[in-house]
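Participant: This is coords13.txt, which holds compact mmCIF, N, CA and C atoms:
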```txt
# COMPACT_ATOMS: atom_id res chain seq x y z
N MET A 107 117.36 96.25 136.94
CA MET A 107 117.47 95.49 135.73
C MET A 107 117.36 96.43 134.55
N LYS A 108 117.63 95.90 133.35
CA LYS A 108 117.54 96.73 132.15
C LYS A 108 117.28 95.83 130.95
N ILE A 109 116.84 96.46 129.88
CA ILE A 109 116.62 95.75 128.63
C ILE A 109 117.99 95.41 128.04
N LYS A 110 118.14 94.16 127.59
CA LYS A 110 119.41 93.74 127.02
C LYS A 110 119.67 94.47 125.70
N ASN A 111 120.93 94.72 125.44
CA ASN A 111 121.33 95.33 124.17
C ASN A 111 120.85 94.45 123.01
N GLY A 112 120.43 95.10 121.95
CA GLY A 112 120.04 94.38 120.74
C GLY A 112 118.57 94.07 120.63
N PHE A 113 117.77 94.42 121.65
CA PHE A 113 116.33 94.16 121.58
C PHE A 113 115.59 95.47 121.46
N VAL A 114 114.71 95.55 120.46
CA VAL A 114 114.01 96.80 120.17
C VAL A 114 112.54 96.54 119.90
N LEU A 115 111.75 97.56 120.12
CA LEU A 115 110.32 97.51 119.82
C LEU A 115 110.12 98.04 118.41
N ARG A 116 109.42 97.26 117.60
CA ARG A 116 109.11 97.65 116.22
C ARG A 116 107.62 97.44 115.97
N GLU A 117 107.10 98.09 114.95
CA GLU A 117 105.75 97.82 114.51
C GLU A 117 105.84 97.04 113.20
N VAL A 118 105.22 95.86 113.20
CA VAL A 118 105.25 94.97 112.03
C VAL A 118 103.81 94.61 111.69
N CYS A 119 103.37 95.02 110.51
CA CYS A 119 101.99 94.74 110.07
C CYS A 119 100.96 95.19 111.11
N GLY A 120 101.19 96.33 111.71
CA GLY A 120 100.25 96.88 112.69
C GLY A 120 100.38 96.32 114.09
N GLU A 121 101.28 95.37 114.29
CA GLU A 121 101.50 94.77 115.61
C GLU A 121 102.79 95.31 116.22
N LYS A 122 102.78 95.52 117.52
CA LYS A 122 103.99 95.95 118.24
C LYS A 122 104.73 94.70 118.68
N VAL A 123 105.99 94.57 118.27
CA VAL A 123 106.76 93.37 118.57
C VAL A 123 108.17 93.74 119.02
N ILE A 124 108.72 92.90 119.89
CA ILE A 124 110.12 93.02 120.27
C ILE A 124 110.90 92.08 119.36
N VAL A 125 111.94 92.61 118.77
CA VAL A 125 112.79 91.81 117.89
C VAL A 125 114.24 91.97 118.33
N GLY A 126 115.03 90.98 117.99
CA GLY A 126 116.45 91.05 118.26
C GLY A 126 117.18 91.57 117.04
N GLU A 127 118.12 92.48 117.27
CA GLU A 127 118.93 93.03 116.19
C GLU A 127 120.39 92.97 116.59
N GLY A 128 121.24 92.66 115.66
CA GLY A 128 122.68 92.69 115.93
C GLY A 128 123.19 91.43 116.60
N LEU A 129 124.47 91.43 116.89
CA LEU A 129 125.14 90.25 117.43
C LEU A 129 124.68 89.88 118.84
N ASP A 130 124.29 90.88 119.64
CA ASP A 130 123.85 90.59 121.01
C ASP A 130 122.59 89.72 121.04
N ALA A 131 121.81 89.76 119.97
CA ALA A 131 120.53 89.05 119.95
C ALA A 131 120.50 87.96 118.88
N ILE A 132 121.63 87.52 118.42
CA ILE A 132 121.69 86.60 117.28
C ILE A 132 120.96 85.29 117.51
N ASN A 133 120.90 84.81 118.74
CA ASN A 133 120.24 83.54 119.02
C ASN A 133 118.76 83.68 119.39
N PHE A 134 118.21 84.88 119.34
CA PHE A 134 116.82 85.09 119.74
C PHE A 134 115.86 84.47 118.73
N GLY A 135 115.95 84.87 117.47
CA GLY A 135 115.24 84.24 116.37
C GLY A 135 113.73 84.20 116.45
N LYS A 136 113.09 85.13 117.14
CA LYS A 136 111.63 85.15 117.21
C LYS A 136 111.14 86.56 117.43
N LEU A 137 109.84 86.73 117.33
CA LEU A 137 109.18 88.00 117.62
C LEU A 137 108.36 87.82 118.89
N LEU A 138 108.32 88.84 119.71
CA LEU A 138 107.49 88.83 120.91
C LEU A 138 106.44 89.92 120.74
N SER A 139 105.20 89.53 120.55
CA SER A 139 104.11 90.47 120.33
C SER A 139 103.66 91.08 121.65
N LEU A 140 103.43 92.40 121.65
CA LEU A 140 103.01 93.13 122.85
C LEU A 140 101.70 93.85 122.60
N ASN A 141 100.84 93.88 123.63
CA ASN A 141 99.66 94.73 123.53
C ASN A 141 100.09 96.17 123.79
N ASP A 142 99.14 97.10 123.71
CA ASP A 142 99.49 98.52 123.84
C ASP A 142 100.12 98.87 125.17
N SER A 143 99.57 98.35 126.28
CA SER A 143 100.13 98.70 127.58
C SER A 143 101.50 98.05 127.79
N ALA A 144 101.70 96.84 127.31
CA ALA A 144 103.01 96.20 127.41
C ALA A 144 104.04 96.95 126.56
N ALA A 145 103.62 97.41 125.39
CA ALA A 145 104.53 98.21 124.54
C ALA A 145 104.87 99.52 125.23
N TRP A 146 103.88 100.13 125.91
CA TRP A 146 104.15 101.36 126.65
C TRP A 146 105.17 101.10 127.76
N LEU A 147 105.02 99.96 128.47
CA LEU A 147 105.97 99.60 129.52
C LEU A 147 107.37 99.39 128.95
N TRP A 148 107.47 98.75 127.79
CA TRP A 148 108.77 98.52 127.15
C TRP A 148 109.44 99.86 126.85
N LYS A 149 108.67 100.78 126.28
CA LYS A 149 109.23 102.11 125.96
C LYS A 149 109.68 102.82 127.23
N ALA A 150 108.86 102.76 128.28
CA ALA A 150 109.22 103.41 129.55
C ALA A 150 110.48 102.78 130.12
N ALA A 151 110.57 101.46 130.10
CA ALA A 151 111.77 100.77 130.61
C ALA A 151 113.00 101.15 129.79
N SER A 152 112.84 101.25 128.48
CA SER A 152 113.95 101.65 127.60
C SER A 152 114.45 103.05 127.95
N GLU A 153 113.51 103.97 128.18
CA GLU A 153 113.87 105.34 128.50
C GLU A 153 114.54 105.44 129.87
N MET A 154 114.13 104.58 130.81
CA MET A 154 114.67 104.62 132.16
C MET A 154 116.08 104.03 132.22
N GLY A 155 116.40 103.13 131.32
CA GLY A 155 117.69 102.44 131.41
C GLY A 155 117.59 101.37 132.48
N ASP A 156 118.17 101.62 133.65
CA ASP A 156 118.00 100.70 134.78
C ASP A 156 116.62 100.97 135.38
N PHE A 157 115.90 99.89 135.67
CA PHE A 157 114.57 100.05 136.24
C PHE A 157 114.28 98.91 137.20
N SER A 158 113.32 99.15 138.07
CA SER A 158 112.81 98.10 138.97
C SER A 158 111.32 97.95 138.70
N VAL A 159 110.75 96.87 139.18
CA VAL A 159 109.31 96.66 139.04
C VAL A 159 108.56 97.79 139.71
N ASP A 160 109.00 98.22 140.90
CA ASP A 160 108.32 99.30 141.60
C ASP A 160 108.36 100.61 140.83
N GLU A 161 109.52 100.94 140.26
CA GLU A 161 109.64 102.19 139.48
C GLU A 161 108.77 102.15 138.23
N LEU A 162 108.76 101.01 137.56
CA LEU A 162 107.96 100.89 136.35
C LEU A 162 106.47 100.90 136.69
N ALA A 163 106.09 100.29 137.81
CA ALA A 163 104.69 100.32 138.25
C ALA A 163 104.25 101.74 138.58
N ALA A 164 105.12 102.52 139.21
CA ALA A 164 104.79 103.92 139.52
C ALA A 164 104.55 104.71 138.24
N LYS A 165 105.37 104.48 137.22
CA LYS A 165 105.18 105.15 135.93
C LYS A 165 103.85 104.74 135.30
N LEU A 166 103.51 103.46 135.42
CA LEU A 166 102.25 102.96 134.88
C LEU A 166 101.07 103.65 135.55
N CYS A 167 101.15 103.85 136.86
CA CYS A 167 100.08 104.55 137.59
C CYS A 167 99.94 106.00 137.15
N GLU A 168 101.05 106.62 136.77
CA GLU A 168 101.01 108.00 136.29
C GLU A 168 100.32 108.08 134.92
N GLU A 169 100.48 107.05 134.11
CA GLU A 169 99.97 107.07 132.73
C GLU A 169 98.53 106.54 132.62
N TYR A 170 98.22 105.51 133.40
CA TYR A 170 96.91 104.85 133.32
C TYR A 170 96.20 104.93 134.67
N GLU A 171 94.88 104.84 134.64
CA GLU A 171 94.09 104.81 135.87
C GLU A 171 94.09 103.39 136.39
N VAL A 172 95.06 103.09 137.23
CA VAL A 172 95.21 101.74 137.78
C VAL A 172 95.73 101.88 139.20
N SER A 173 95.30 100.98 140.07
CA SER A 173 95.77 101.04 141.46
C SER A 173 97.24 100.62 141.52
N ALA A 174 97.91 101.04 142.57
CA ALA A 174 99.32 100.70 142.75
C ALA A 174 99.51 99.19 142.84
N GLU A 175 98.59 98.52 143.53
CA GLU A 175 98.69 97.06 143.68
C GLU A 175 98.54 96.34 142.35
N GLU A 176 97.54 96.77 141.56
CA GLU A 176 97.31 96.16 140.26
C GLU A 176 98.47 96.44 139.31
N ALA A 177 98.97 97.68 139.34
CA ALA A 177 100.10 98.04 138.48
C ALA A 177 101.32 97.19 138.81
N LYS A 178 101.60 97.04 140.09
CA LYS A 178 102.77 96.26 140.49
C LYS A 178 102.63 94.80 140.07
N ALA A 179 101.43 94.23 140.24
CA ALA A 179 101.20 92.84 139.83
C ALA A 179 101.36 92.68 138.32
N ASP A 180 100.79 93.62 137.55
CA ASP A 180 100.88 93.54 136.09
C ASP A 180 102.32 93.71 135.61
N VAL A 181 103.02 94.68 136.19
CA VAL A 181 104.41 94.93 135.79
C VAL A 181 105.29 93.74 136.17
N ALA A 182 105.08 93.20 137.35
CA ALA A 182 105.87 92.04 137.78
C ALA A 182 105.66 90.87 136.83
N ALA A 183 104.43 90.67 136.37
CA ALA A 183 104.13 89.56 135.45
C ALA A 183 104.82 89.75 134.11
N ILE A 184 104.75 90.95 133.55
CA ILE A 184 105.37 91.17 132.23
C ILE A 184 106.89 91.14 132.33
N VAL A 185 107.44 91.70 133.39
CA VAL A 185 108.90 91.68 133.56
C VAL A 185 109.38 90.25 133.76
N ASP A 186 108.61 89.44 134.49
CA ASP A 186 108.96 88.03 134.67
C ASP A 186 108.99 87.32 133.32
N GLU A 187 107.99 87.60 132.49
CA GLU A 187 107.95 87.01 131.14
C GLU A 187 109.17 87.45 130.33
N TRP A 188 109.50 88.74 130.40
CA TRP A 188 110.66 89.23 129.67
C TRP A 188 111.95 88.56 130.16
N GLN A 189 112.05 88.32 131.47
CA GLN A 189 113.23 87.66 132.01
C GLN A 189 113.30 86.21 131.53
N GLN A 190 112.18 85.52 131.52
CA GLN A 190 112.17 84.13 131.07
C GLN A 190 112.56 84.02 129.60
N ILE A 191 112.12 84.97 128.81
CA ILE A 191 112.45 84.97 127.38
C ILE A 191 113.90 85.40 127.15
N GLY A 192 114.42 86.19 128.09
CA GLY A 192 115.81 86.62 128.00
C GLY A 192 116.05 87.95 127.33
N VAL A 193 115.05 88.86 127.40
CA VAL A 193 115.23 90.18 126.79
C VAL A 193 115.57 91.27 127.80
N VAL A 194 115.54 90.93 129.08
CA VAL A 194 116.01 91.86 130.12
C VAL A 194 117.03 91.15 130.99
N GLU A 195 117.86 91.97 131.64
CA GLU A 195 118.86 91.41 132.55
C GLU A 195 118.91 92.21 133.81
```
So that I can check it, write out the structure of this file as structure tokens.

Facilitator:
Amino acid sequence: MKIKNGFVLREVCGEKVIVGEGLDAINFGKLLSLNDSAAWLWKAASEMGDFSVDELAAKLCEEYEVSAEEAKADVAAIVDEWQQIGVVE
């Protein structure tokens, strides 16, 4: 999967948010606030291009002191949220 075109991470008033920019995201019309670790995952997914939950979880384990099982569960949850909102495909 990958992040859909037109969605970017921005800092707004000290908060990290995903916003839609351009024609690809014209119907989004909202901000998605992210905590620091979710913002880190967004950046990692953006840099990877195509990514899987397992690949992103492995990167999370490299960056943070977290077990592989916990990383996979956390990544799966955030990616599921992103899919439901429609910012990844």

Participant: For range 114-117 of chain A, work out the shell of residues within 8 Å, counting only N, CA and C atoms and skipping chain neighbours fewer than 3 positions away, then give it as a ChimeraX atom specification.

Facilitator: /A:110-111,120-127,145,148-149

Participant: Based on the backbone DSSP call, show me all residues of chain A assigned strand (DSSP E or B), as a list in words.

Facilitator: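 DSSP-assigned strand (DSSP E or B) residues in chain A: Ile109, Phe113, Val114, Leu115, Arg116, Glu117, Val118, Glu121, Lys122, Val123, Ile124, Val125, Gly126, Leu138, Ser139, Leu140 and Val194 of chain A.
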
Participant: Convert the current residue selection to file output with N, CA and C atoms, as an mmCIF file, in the frame of the given file.

Facilitator:
```cif
data_model
loop_
_atom_site.group_PDB
_atom_site.id
_atom_site.type_symbol
_atom_site.label_atom_id
_atom_site.label_comp_id
_atom_site.auth_asym_id
_atom_site.auth_seq_id
_atom_site.Cartn_x
_atom_site.Cartn_y
_atom_site.Cartn_z
ATOM 1 N N ILE A 109 116.840 96.460 129.880
ATOM 2 C CA ILE A 109 116.620 95.750 128.630
ATOM 3 C C ILE A 109 117.990 95.410 128.040
ATOM 4 N N PHE A 113 117.770 94.420 121.650
ATOM 5 C CA PHE A 113 116.330 94.160 121.580
ATOM 6 C C PHE A 113 115.590 95.470 121.460
ATOM 7 N N VAL A 114 114.710 95.550 120.460
ATOM 8 C CA VAL A 114 114.010 96.800 120.170
ATOM 9 C C VAL A 114 112.540 96.540 119.900
ATOM 10 N N LEU A 115 111.750 97.560 120.120
ATOM 11 C CA LEU A 115 110.320 97.510 119.820
ATOM 12 C C LEU A 115 110.120 98.040 118.410
ATOM 13 N N ARG A 116 109.420 97.260 117.600
ATOM 14 C CA ARG A 116 109.110 97.650 116.220
ATOM 15 C C ARG A 116 107.620 97.440 115.970
ATOM 16 N N GLU A 117 107.100 98.090 114.950
ATOM 17 C CA GLU A 117 105.750 97.820 114.510
ATOM 18 C C GLU A 117 105.840 97.040 113.200
ATOM 19 N N VAL A 118 105.220 95.860 113.200
ATOM 20 C CA VAL A 118 105.250 94.970 112.030
ATOM 21 C C VAL A 118 103.810 94.610 111.690
ATOM 22 N N GLU A 121 101.280 95.370 114.290
ATOM 23 C CA GLU A 121 101.500 94.770 115.610
ATOM 24 C C GLU A 121 102.790 95.310 116.220
ATOM 25 N N LYS A 122 102.780 95.520 117.520
ATOM 26 C CA LYS A 122 103.990 95.950 118.240
ATOM 27 C C LYS A 122 104.730 94.700 118.680
ATOM 28 N N VAL A 123 105.990 94.570 118.270
ATOM 29 C CA VAL A 123 106.760 93.370 118.570
ATOM 30 C C VAL A 123 108.170 93.740 119.020
ATOM 31 N N ILE A 124 108.720 92.900 119.890
ATOM 32 C CA ILE A 124 110.120 93.020 120.270
ATOM 33 C C ILE A 124 110.900 92.080 119.360
ATOM 34 N N VAL A 125 111.940 92.610 118.770
ATOM 35 C CA VAL A 125 112.790 91.810 117.890
ATOM 36 C C VAL A 125 114.240 91.970 118.330
ATOM 37 N N GLY A 126 115.030 90.980 117.990
ATOM 38 C CA GLY A 126 116.450 91.050 118.260
ATOM 39 C C GLY A 126 117.180 91.570 117.040
ATOM 40 N N LEU A 138 108.320 88.840 119.710
ATOM 41 C CA LEU A 138 107.490 88.830 120.910
ATOM 42 C C LEU A 138 106.440 89.920 120.740
ATOM 43 N N SER A 139 105.200 89.530 120.550
ATOM 44 C CA SER A 139 104.110 90.470 120.330
ATOM 45 C C SER A 139 103.660 91.080 121.650
ATOM 46 N N LEU A 140 103.430 92.400 121.650
ATOM 47 C CA LEU A 140 103.010 93.130 122.850
ATOM 48 C C LEU A 140 101.700 93.850 122.600
ATOM 49 N N VAL A 194 115.540 90.930 129.080
ATOM 50 C CA VAL A 194 116.010 91.860 130.120
ATOM 51 C C VAL A 194 117.030 91.150 130.990
#
```

Participant: As an exercise, work out the distance from CA of Val194 in chain A to atom N of Ile109 in chain A in Å and give it to one decimal place.

Facilitator: 4.7 Å

Participant: Using all atoms listed in the file, which residue out of A:Val118, A:Glu171, A:Lys165, A:Val159 lies closest to Val185 in chain A?

Facilitator: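 Closest to Val185 in chain A of all the choices is A:Val159.
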
Participant: Separation of CA of Met154 in chain A and atom N of Leu166 in chain A, in Å?

Facilitator: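 CA of Met154 in chain A sits 11.7 Å away from atom N of Leu166 in chain A.
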
Participant: For a test of reading the model, state the distance in Å between CA of Ala163 in chain A and CA of Leu137 in chain A, rounded to one decimal.

Facilitator: 24.4 Å

Participant: May I ask which of the residues A:Leu140, A:Trp146, A:Gly112, A:Glu176 is the closest one to Gly128 in chain A, counting only N, CA and C atoms?

Facilitator: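 Closest residue, counting only N, CA and C atoms: A:Gly112.
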
Participant: Leaving out Cys167 in chain A and any residue of its chain fewer than 6 positions from it, which residues lie within 8 Å of it when counting all atoms listed in the file, given as an MDAnalysis selection string?

Facilitator: chainID A and resid 161 173:174 177:178

Participant: Please return, as an MDAnalysis selection string, all residues of chain A that DSSP assigns to helix (DSSP H, G or I) on the basis of the backbone.

Facilitator: chainID A and resid 129:131 142:154 159:169 174:191

Participant: I need the residue nearest Ala150 in chain A from this list: A:Lys108, A:Leu138, A:Glu195, A:Glu175. Use only C-alpha atoms for the distance.

Facilitator: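 Looking only at the distances to Ala150 in chain A, the closest residue turns out to be A:Lys108.
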
Participant: Measuring atom to atom with only N, CA and C atoms, identify which of A:Ala182, A:Tyr170, A:Asp142, A:Gly192 is nearest to Ser158 in chain A.

Facilitator: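 Of the candidates, the smallest distance to Ser158 in chain A is held by A:Ala182.
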
Participant: Could you pull range 134-177 of chain A out of the block above and give me N, CA and C atoms, as a PDB file, in the first residue's frame?

Facilitator:
```pdb
ATOM      1  N   PHE A 134     -11.479  15.786   0.765  1.00  0.00           N
ATOM      2  CA  PHE A 134     -11.069  15.397   2.114  1.00  0.00           C
ATOM      3  C   PHE A 134     -11.618  16.371   3.150  1.00  0.00           C
ATOM      4  N   GLY A 135     -11.305  17.647   3.021  1.00  0.00           N
ATOM      5  CA  GLY A 135     -11.894  18.710   3.816  1.00  0.00           C
ATOM      6  C   GLY A 135     -11.738  18.628   5.321  1.00  0.00           C
ATOM      7  N   LYS A 136     -10.703  17.983   5.834  1.00  0.00           N
ATOM      8  CA  LYS A 136     -10.493  17.916   7.275  1.00  0.00           C
ATOM      9  C   LYS A 136      -9.014  17.771   7.585  1.00  0.00           C
ATOM     10  N   LEU A 137      -8.691  17.875   8.855  1.00  0.00           N
ATOM     11  CA  LEU A 137      -7.336  17.651   9.337  1.00  0.00           C
ATOM     12  C   LEU A 137      -7.339  16.375  10.170  1.00  0.00           C
ATOM     13  N   LEU A 138      -6.279  15.609  10.064  1.00  0.00           N
ATOM     14  CA  LEU A 138      -6.122  14.405  10.878  1.00  0.00           C
ATOM     15  C   LEU A 138      -4.915  14.641  11.783  1.00  0.00           C
ATOM     16  N   SER A 139      -5.156  14.800  13.070  1.00  0.00           N
ATOM     17  CA  SER A 139      -4.097  15.073  14.033  1.00  0.00           C
ATOM     18  C   SER A 139      -3.359  13.781  14.383  1.00  0.00           C
ATOM     19  N   LEU A 140      -2.021  13.861  14.448  1.00  0.00           N
ATOM     20  CA  LEU A 140      -1.185  12.699  14.758  1.00  0.00           C
ATOM     21  C   LEU A 140      -0.313  12.982  15.975  1.00  0.00           C
ATOM     22  N   ASN A 141      -0.125  11.960  16.807  1.00  0.00           N
ATOM     23  CA  ASN A 141       0.861  12.101  17.878  1.00  0.00           C
ATOM     24  C   ASN A 141       2.254  11.917  17.262  1.00  0.00           C
ATOM     25  N   ASP A 142       3.291  12.045  18.089  1.00  0.00           N
ATOM     26  CA  ASP A 142       4.660  12.001  17.559  1.00  0.00           C
ATOM     27  C   ASP A 142       4.996  10.684  16.879  1.00  0.00           C
ATOM     28  N   SER A 143       4.606   9.554  17.482  1.00  0.00           N
ATOM     29  CA  SER A 143       4.953   8.271  16.872  1.00  0.00           C
ATOM     30  C   SER A 143       4.151   8.027  15.591  1.00  0.00           C
ATOM     31  N   ALA A 144       2.899   8.448  15.551  1.00  0.00           N
ATOM     32  CA  ALA A 144       2.105   8.310  14.326  1.00  0.00           C
ATOM     33  C   ALA A 144       2.667   9.205  13.222  1.00  0.00           C
ATOM     34  N   ALA A 145       3.115  10.401  13.585  1.00  0.00           N
ATOM     35  CA  ALA A 145       3.741  11.287  12.598  1.00  0.00           C
ATOM     36  C   ALA A 145       5.035  10.674  12.088  1.00  0.00           C
ATOM     37  N   TRP A 146       5.800  10.027  12.978  1.00  0.00           N
ATOM     38  CA  TRP A 146       7.027   9.356  12.548  1.00  0.00           C
ATOM     39  C   TRP A 146       6.693   8.237  11.559  1.00  0.00           C
ATOM     40  N   LEU A 147       5.632   7.467  11.852  1.00  0.00           N
ATOM     41  CA  LEU A 147       5.210   6.395  10.944  1.00  0.00           C
ATOM     42  C   LEU A 147       4.788   6.955   9.586  1.00  0.00           C
ATOM     43  N   TRP A 148       4.076   8.076   9.583  1.00  0.00           N
ATOM     44  CA  TRP A 148       3.648   8.709   8.328  1.00  0.00           C
ATOM     45  C   TRP A 148       4.875   9.082   7.492  1.00  0.00           C
ATOM     46  N   LYS A 149       5.856   9.705   8.145  1.00  0.00           N
ATOM     47  CA  LYS A 149       7.081  10.091   7.428  1.00  0.00           C
ATOM     48  C   LYS A 149       7.798   8.862   6.876  1.00  0.00           C
ATOM     49  N   ALA A 150       7.900   7.811   7.687  1.00  0.00           N
ATOM     50  CA  ALA A 150       8.563   6.579   7.239  1.00  0.00           C
ATOM     51  C   ALA A 150       7.810   5.978   6.056  1.00  0.00           C
ATOM     52  N   ALA A 151       6.489   5.928   6.136  1.00  0.00           N
ATOM     53  CA  ALA A 151       5.681   5.383   5.029  1.00  0.00           C
ATOM     54  C   ALA A 151       5.858   6.226   3.773  1.00  0.00           C
ATOM     55  N   SER A 152       5.913   7.540   3.932  1.00  0.00           N
ATOM     56  CA  SER A 152       6.118   8.439   2.788  1.00  0.00           C
ATOM     57  C   SER A 152       7.457   8.173   2.113  1.00  0.00           C
ATOM     58  N   GLU A 153       8.496   7.993   2.922  1.00  0.00           N
ATOM     59  CA  GLU A 153       9.831   7.744   2.383  1.00  0.00           C
ATOM     60  C   GLU A 153       9.914   6.381   1.698  1.00  0.00           C
ATOM     61  N   MET A 154       9.169   5.398   2.208  1.00  0.00           N
ATOM     62  CA  MET A 154       9.210   4.050   1.648  1.00  0.00           C
ATOM     63  C   MET A 154       8.454   3.963   0.327  1.00  0.00           C
ATOM     64  N   GLY A 155       7.471   4.811   0.129  1.00  0.00           N
ATOM     65  CA  GLY A 155       6.624   4.686  -1.058  1.00  0.00           C
ATOM     66  C   GLY A 155       5.638   3.561  -0.835  1.00  0.00           C
ATOM     67  N   ASP A 156       5.876   2.412  -1.454  1.00  0.00           N
ATOM     68  CA  ASP A 156       5.050   1.230  -1.171  1.00  0.00           C
ATOM     69  C   ASP A 156       5.518   0.639   0.156  1.00  0.00           C
ATOM     70  N   PHE A 157       4.558   0.295   0.997  1.00  0.00           N
ATOM     71  CA  PHE A 157       4.916  -0.270   2.299  1.00  0.00           C
ATOM     72  C   PHE A 157       3.879  -1.297   2.717  1.00  0.00           C
ATOM     73  N   SER A 158       4.280  -2.153   3.636  1.00  0.00           N
ATOM     74  CA  SER A 158       3.360  -3.106   4.260  1.00  0.00           C
ATOM     75  C   SER A 158       3.384  -2.850   5.761  1.00  0.00           C
ATOM     76  N   VAL A 159       2.409  -3.390   6.459  1.00  0.00           N
ATOM     77  CA  VAL A 159       2.376  -3.265   7.917  1.00  0.00           C
ATOM     78  C   VAL A 159       3.635  -3.869   8.510  1.00  0.00           C
ATOM     79  N   ASP A 160       4.063  -5.031   8.014  1.00  0.00           N
ATOM     80  CA  ASP A 160       5.262  -5.681   8.545  1.00  0.00           C
ATOM     81  C   ASP A 160       6.510  -4.832   8.343  1.00  0.00           C
ATOM     82  N   GLU A 161       6.655  -4.245   7.155  1.00  0.00           N
ATOM     83  CA  GLU A 161       7.835  -3.403   6.882  1.00  0.00           C
ATOM     84  C   GLU A 161       7.846  -2.159   7.760  1.00  0.00           C
ATOM     85  N   LEU A 162       6.683  -1.549   7.922  1.00  0.00           N
ATOM     86  CA  LEU A 162       6.597  -0.348   8.748  1.00  0.00           C
ATOM     87  C   LEU A 162       6.818  -0.690  10.221  1.00  0.00           C
ATOM     88  N   ALA A 163       6.324  -1.840  10.662  1.00  0.00           N
ATOM     89  CA  ALA A 163       6.547  -2.283  12.041  1.00  0.00           C
ATOM     90  C   ALA A 163       8.033  -2.539  12.296  1.00  0.00           C
ATOM     91  N   ALA A 164       8.729  -3.117  11.325  1.00  0.00           N
ATOM     92  CA  ALA A 164      10.168  -3.357  11.476  1.00  0.00           C
ATOM     93  C   ALA A 164      10.919  -2.032  11.625  1.00  0.00           C
ATOM     94  N   LYS A 165      10.525  -1.028  10.847  1.00  0.00           N
ATOM     95  CA  LYS A 165      11.151   0.298  10.969  1.00  0.00           C
ATOM     96  C   LYS A 165      10.875   0.901  12.340  1.00  0.00           C
ATOM     97  N   LEU A 166       9.656   0.710  12.837  1.00  0.00           N
ATOM     98  CA  LEU A 166       9.295   1.220  14.157  1.00  0.00           C
ATOM     99  C   LEU A 166      10.163   0.587  15.236  1.00  0.00           C
ATOM    100  N   CYS A 167      10.424  -0.711  15.121  1.00  0.00           N
ATOM    101  CA  CYS A 167      11.290  -1.408  16.079  1.00  0.00           C
ATOM    102  C   CYS A 167      12.719  -0.883  16.042  1.00  0.00           C
ATOM    103  N   GLU A 168      13.172  -0.470  14.865  1.00  0.00           N
ATOM    104  CA  GLU A 168      14.521   0.089  14.738  1.00  0.00           C
ATOM    105  C   GLU A 168      14.617   1.451  15.418  1.00  0.00           C
ATOM    106  N   GLU A 169      13.533   2.207  15.398  1.00  0.00           N
ATOM    107  CA  GLU A 169      13.539   3.583  15.914  1.00  0.00           C
ATOM    108  C   GLU A 169      13.198   3.662  17.409  1.00  0.00           C
ATOM    109  N   TYR A 170      12.256   2.824  17.848  1.00  0.00           N
ATOM    110  CA  TYR A 170      11.766   2.869  19.223  1.00  0.00           C
ATOM    111  C   TYR A 170      12.003   1.526  19.910  1.00  0.00           C
ATOM    112  N   GLU A 171      12.084   1.547  21.227  1.00  0.00           N
ATOM    113  CA  GLU A 171      12.223   0.319  22.004  1.00  0.00           C
ATOM    114  C   GLU A 171      10.838  -0.280  22.188  1.00  0.00           C
ATOM    115  N   VAL A 172      10.462  -1.133  21.255  1.00  0.00           N
ATOM    116  CA  VAL A 172       9.144  -1.753  21.274  1.00  0.00           C
ATOM    117  C   VAL A 172       9.284  -3.170  20.720  1.00  0.00           C
ATOM    118  N   SER A 173       8.501  -4.087  21.256  1.00  0.00           N
ATOM    119  CA  SER A 173       8.572  -5.464  20.766  1.00  0.00           C
ATOM    120  C   SER A 173       7.973  -5.550  19.362  1.00  0.00           C
ATOM    121  N   ALA A 174       8.358  -6.575  18.641  1.00  0.00           N
ATOM    122  CA  ALA A 174       7.853  -6.765  17.279  1.00  0.00           C
ATOM    123  C   ALA A 174       6.335  -6.943  17.282  1.00  0.00           C
ATOM    124  N   GLU A 175       5.826  -7.663  18.278  1.00  0.00           N
ATOM    125  CA  GLU A 175       4.377  -7.900  18.359  1.00  0.00           C
ATOM    126  C   GLU A 175       3.613  -6.606  18.615  1.00  0.00           C
ATOM    127  N   GLU A 176       4.122  -5.797  19.556  1.00  0.00           N
ATOM    128  CA  GLU A 176       3.476  -4.532  19.876  1.00  0.00           C
ATOM    129  C   GLU A 176       3.559  -3.562  18.698  1.00  0.00           C
ATOM    130  N   ALA A 177       4.721  -3.526  18.044  1.00  0.00           N
ATOM    131  CA  ALA A 177       4.895  -2.652  16.884  1.00  0.00           C
ATOM    132  C   ALA A 177       3.913  -3.023  15.781  1.00  0.00           C
TER     133      ALA A 177
END
```
